[in-house]
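Colleague: Below is a structure I'd like to ask you about.
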Amino acid sequence: MPMRVRLILILGVLTAFGSLSHDMYLPALPAIAREFSVSAAAAQATLSVFMLGLAVNQLIVGPLADRVGRSRPLLAGLTIYCLTSIACALAPSIESLWAARLVQSVGACAAIVIARAVVRDLYRGADAAHFLSMMMLVFGVAPILGPPLGAFILDQSSWRGIFWFLAAVSALAFMAVAFGLPETLPSERRSQHGIAGSLRAYLTLLGDRRFFAPTLAADAVFAGLFAFIMAGPFVLVELYGLTPQQFGFAFSANAVGFILATQVNARFVRRYGPARMLTASLVVYFVGAALLMTNVLAGFGGLTGILIPIFICFSTVGAAPNNALALATEHYPHAAGSATALFGSIQFGVGAGIGAIVGLLHDGTAFPMAAIILTAAIAALIINFVLTARAQPAV
């Protein structure tokens, strides 16, 4: 197998760990709430805790990977993920599930951060955005297969079987990395900074609009995505009466749009540049969000009036973050691990916050979800036109 193809496959699977960790058991959230006799918000908190862990742990994993290389932290992370997936499967209470999910995030963030850092080790600019888009083709399989597969496992056993499956996937990923992914950060390029140096690097990144502006634009897109991930199972299953299996297939249909967008982005990003492609994807995202809110307020279209705008919004997640990440890390080749870690940390910090907001606003209707998605779309456009466009050249 050619080296580039092998890299795309392995790194695509690694970046999918975050998606697999929540997409697969989305259909099971109502079942988890029933088994532990807890509220919908308590079940949704298993997602929020995981995302909060991703946000915090990436700040540690990124500098560590810059200091000791990519391979060792990645293999350690996959081991942790496997063991904590087993702990999730055996959880006797909602509190123990929260705890296991928090530690599981350590392994997931190692996979996500280091996979992105490897791309930055090897590519820059439009080439990095192109490779990320090709990698997302593999990543996109997770939200397509994840919910239906989770629903199938739920139907055949219980939500606990989903975590046994995740443990098996992480074990296979460990073997693929150990035998198929070479070290991409040679010793002479590794950081010599300790904790104080890492903090200075983060402060430098946060103070640079070239990094922070596209990061914020991407995070606004992720805020809308996380609102659907958190609220979608209860809106579609409880409000519109879908079975877990039907929800799984509805979620997967959205992921098809995600994959199509990644390939459109890969085709045109070298011609128009990541800055212009980011702007185009944010405009499409706003159109979908506005249509969703209109349909919810007017009661137009029923289930179809929800699913079509969500499809439009979800598709842009296949393009906007890749372009934003390429722009954000363009000027930091010497600190790719720290830059991608901070990018992802803010992303999942937003996700954890959105999870808490969704839980507080939950009222048995689709309005809170639609309102958050539209607010996120407006924020993304404002950030892009006011900050990102001024901070980046249109190349």
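Residue names in the structure tokens use chain letters A, B, ... in the order shown, residue numbers from 1 in each chain, and ligand numbers from 1 in the order shown.
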Excluding same-chain residues fewer than 5 positions from region 1-5 of chain A, what lies within 12 Å of it counting only C-alpha atoms, as a list in words?
Modeller: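 Residues near the query, excluding close chain neighbours: Ile10, Leu11, Gly12, Val119, Leu122, Tyr123, Phe131, Met134, Met135, Leu137, Val138, Gly180, Leu181 and Pro182 of chain A.
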Colleague: Write out as an NGL selection string the residues lying within 12 Å of Ser158 (chain A), counting only C-alpha atoms and excluding same-chain residues fewer than 4 positions away.
Modeller: :A and (25 or 27-32 or 35 or 89-90 or 150-154 or 162-165 or 244)
Colleague: Output N, CA and C atoms for every residue in the selection just made, as a CSV table (one decimal), in the first residue's frame.
Modeller:
chain,number,residue,atom,x,y,z
A,25,TYR,N,-23.1,6.0,20.4
A,25,TYR,CA,-24.1,5.8,21.4
A,25,TYR,C,-25.2,6.9,21.6
A,27,PRO,N,-27.9,7.0,19.8
A,27,PRO,CA,-29.2,6.4,19.9
A,27,PRO,C,-29.5,5.7,21.2
A,28,ALA,N,-28.5,5.5,22.0
A,28,ALA,CA,-28.7,4.9,23.3
A,28,ALA,C,-28.9,5.8,24.5
A,29,LEU,N,-28.8,7.1,24.2
A,29,LEU,CA,-29.0,8.1,25.3
A,29,LEU,C,-30.3,7.9,26.1
A,30,PRO,N,-31.4,7.8,25.4
A,30,PRO,CA,-32.7,7.6,26.1
A,30,PRO,C,-32.6,6.3,27.0
A,31,ALA,N,-32.0,5.2,26.4
A,31,ALA,CA,-31.9,4.0,27.1
A,31,ALA,C,-31.0,4.1,28.4
A,32,ILE,N,-29.9,4.9,28.3
A,32,ILE,CA,-29.1,5.1,29.4
A,32,ILE,C,-29.9,5.8,30.5
A,35,GLU,N,-32.2,3.3,32.1
A,35,GLU,CA,-31.6,2.2,33.0
A,35,GLU,C,-31.1,2.8,34.3
A,89,ALA,N,-18.2,0.1,29.7
A,89,ALA,CA,-19.1,-1.0,29.5
A,89,ALA,C,-19.6,-1.7,30.8
A,90,LEU,N,-18.8,-1.6,31.9
A,90,LEU,CA,-19.0,-2.2,33.1
A,90,LEU,C,-19.6,-1.2,34.2
A,150,GLY,N,-24.4,1.6,16.2
A,150,GLY,CA,-24.7,1.7,17.6
A,150,GLY,C,-26.2,1.2,17.9
A,151,ALA,N,-27.1,1.6,17.0
A,151,ALA,CA,-28.5,1.2,17.1
A,151,ALA,C,-28.6,-0.3,17.0
A,152,PHE,N,-27.8,-0.9,16.1
A,152,PHE,CA,-27.8,-2.3,15.9
A,152,PHE,C,-27.3,-3.1,17.1
A,153,ILE,N,-26.2,-2.6,17.7
A,153,ILE,CA,-25.7,-3.2,18.9
A,153,ILE,C,-26.7,-3.0,20.0
A,154,LEU,N,-27.3,-1.9,20.1
A,154,LEU,CA,-28.3,-1.6,21.1
A,154,LEU,C,-29.5,-2.6,21.0
A,162,ILE,N,-21.9,-1.3,23.0
A,162,ILE,CA,-21.3,-0.2,22.2
A,162,ILE,C,-19.9,0.0,22.7
A,163,PHE,N,-19.7,0.1,24.0
A,163,PHE,CA,-18.4,0.4,24.6
A,163,PHE,C,-17.4,-0.8,24.4
A,164,TRP,N,-18.0,-2.1,24.5
A,164,TRP,CA,-17.1,-3.2,24.2
A,164,TRP,C,-16.6,-3.1,22.7
A,165,PHE,N,-17.5,-2.7,21.8
A,165,PHE,CA,-17.1,-2.5,20.4
A,165,PHE,C,-16.0,-1.5,20.3
A,244,PRO,N,-34.6,4.2,17.7
A,244,PRO,CA,-33.2,4.3,17.7
A,244,PRO,C,-32.5,4.0,16.3
Colleague: Produce a table with one row for each residue of region 256-290 of chain A that has an atom at most 10 Å from any atom of region 327-332 of chain A, each row naming the nearest atom pair and its distance in Å at one decimal; use only C-alpha atoms; arrange rows by chain and rising residue number; format as a tab-separated table.
Modeller:
residue	atom	partner	partner_atom	distance
A:Gly273	CA	A:Leu327	CA	9.6
A:Pro274	CA	A:Leu327	CA	6.9
A:Ala275	CA	A:Leu327	CA	7.2
A:Leu278	CA	A:Leu327	CA	9.5
Colleague: Let me make sure I understand: among A:Ala250, A:Ala168, A:Ala320, A:Ala376, which one has the smallest atom-to-atom distance to Ala290 (chain A) if we use only C-alpha atoms?
Modeller: A:Ala376
Colleague: Give me the region 87-163 of chain A side of the contact with region 47-60 of chain A, cut-off 12 Å, one line per residue showing its nearest atom pair and distance in Å at one decimal, counting only C-alpha atoms, sorted by chain and residue number, as a tab-separated table.
Modeller:
residue	atom	partner	partner_atom	distance
A:Cys88	CA	A:Phe50	CA	11.8
A:Ile94	CA	A:Val49	CA	11.7
A:Glu95	CA	A:Val49	CA	10.8
A:Ser96	CA	A:Val49	CA	11.7
A:Leu97	CA	A:Val49	CA	9.8
A:Trp98	CA	A:Val49	CA	6.4
A:Ala99	CA	A:Val49	CA	8.2
A:Ala100	CA	A:Phe50	CA	8.9
A:Arg101	CA	A:Phe50	CA	5.3
A:Leu102	CA	A:Phe50	CA	5.1
A:Val103	CA	A:Gly53	CA	7.3
A:Gln104	CA	A:Phe50	CA	7.4
A:Ser105	CA	A:Leu54	CA	5.2
A:Val106	CA	A:Asn57	CA	5.9
A:Gly107	CA	A:Leu54	CA	9.0
A:Ala108	CA	A:Leu54	CA	7.3
A:Cys109	CA	A:Leu54	CA	5.5
A:Ala110	CA	A:Gln58	CA	7.1
A:Ala111	CA	A:Gln58	CA	9.9
A:Ile112	CA	A:Gln58	CA	8.7
A:Val113	CA	A:Gln58	CA	6.7
A:Ile114	CA	A:Gln58	CA	9.5
A:Arg116	CA	A:Gln58	CA	11.7
A:Ala117	CA	A:Gln58	CA	11.7
Colleague: Could you tell me how far CA of Ile229 (chain A) sits from CA of Ile80 (chain A), in Å to one decimal place?
Modeller: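 Here the two named atoms are 24.6 Å from each other.
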Colleague: If I take CA of Ile346 (chain A) and CA of Phe385 (chain A), how far is one from the other in Å, to one decimal?
Modeller: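 Here the two named atoms are 20.1 Å from each other.
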Colleague: Between A:Ile372, A:Ala377, A:Leu26, A:Ala339, which is the closest to Val61 (chain A) once you count only C-alpha atoms?
Modeller: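 The closest residue to Val61 (chain A) is A:Ala339.
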Colleague: Please identify the alpha helix (DSSP H) residues within region 102-309 of chain A (assignment by DSSP from backbone atoms) and present them as a VMD selection string.
Modeller: chain A and resid 102 to 122 125 to 139 141 to 156 159 to 180 195 to 206 209 to 234 244 to 298 302 to 309
Colleague: Work out how far apart CA of Pro214 (chain A) and CA of Thr262 (chain A) are and give it in Å to one decimal.
Modeller: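 Taking CA of Pro214 (chain A) and CA of Thr262 (chain A), their separation equals 17.6 Å.
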Colleague: With only C-alpha atoms as the atoms that count, which of A:Ala41, A:Ala115, A:Ile312, A:Met369 lies nearest to Leu74 (chain A)?
Modeller: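 Closest to Leu74 (chain A) of all the choices is A:Ala115.
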Colleague: From the set A:Leu203, A:Ala76, A:Leu342, A:Val256, which residue has the shortest atom-to-atom contact distance to Ala171 (chain A), counting only C-alpha atoms?
Modeller: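 The shortest atom-to-atom distance to Ala171 (chain A) comes from A:Ala76.
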Colleague: Taking only C-alpha atoms into account, which of A:Gly353, A:Gly359, A:Pro63, A:Gly318 comes nearest Val264 (chain A)?
Modeller: A:Gly318
Colleague: For Val350 (chain A), which residue out of A:Gln246, A:Ser281, A:Thr215, A:Asn322 is the nearest one, using only C-alpha atoms?
Modeller: A:Thr215
Colleague: For Ile373 (chain A), find every residue with an atom within 9 Å (counting only C-alpha atoms), except residues of its own chain fewer than 6 positions away, and show them as a list in words.
Modeller: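 The residues satisfying every condition are Ala220, Val221, Ala223, Gly224, Leu225, Phe226, Ala227, Phe228, Phe286, Ala289, Ala290, Leu292, Met293 and Cys313 of chain A.
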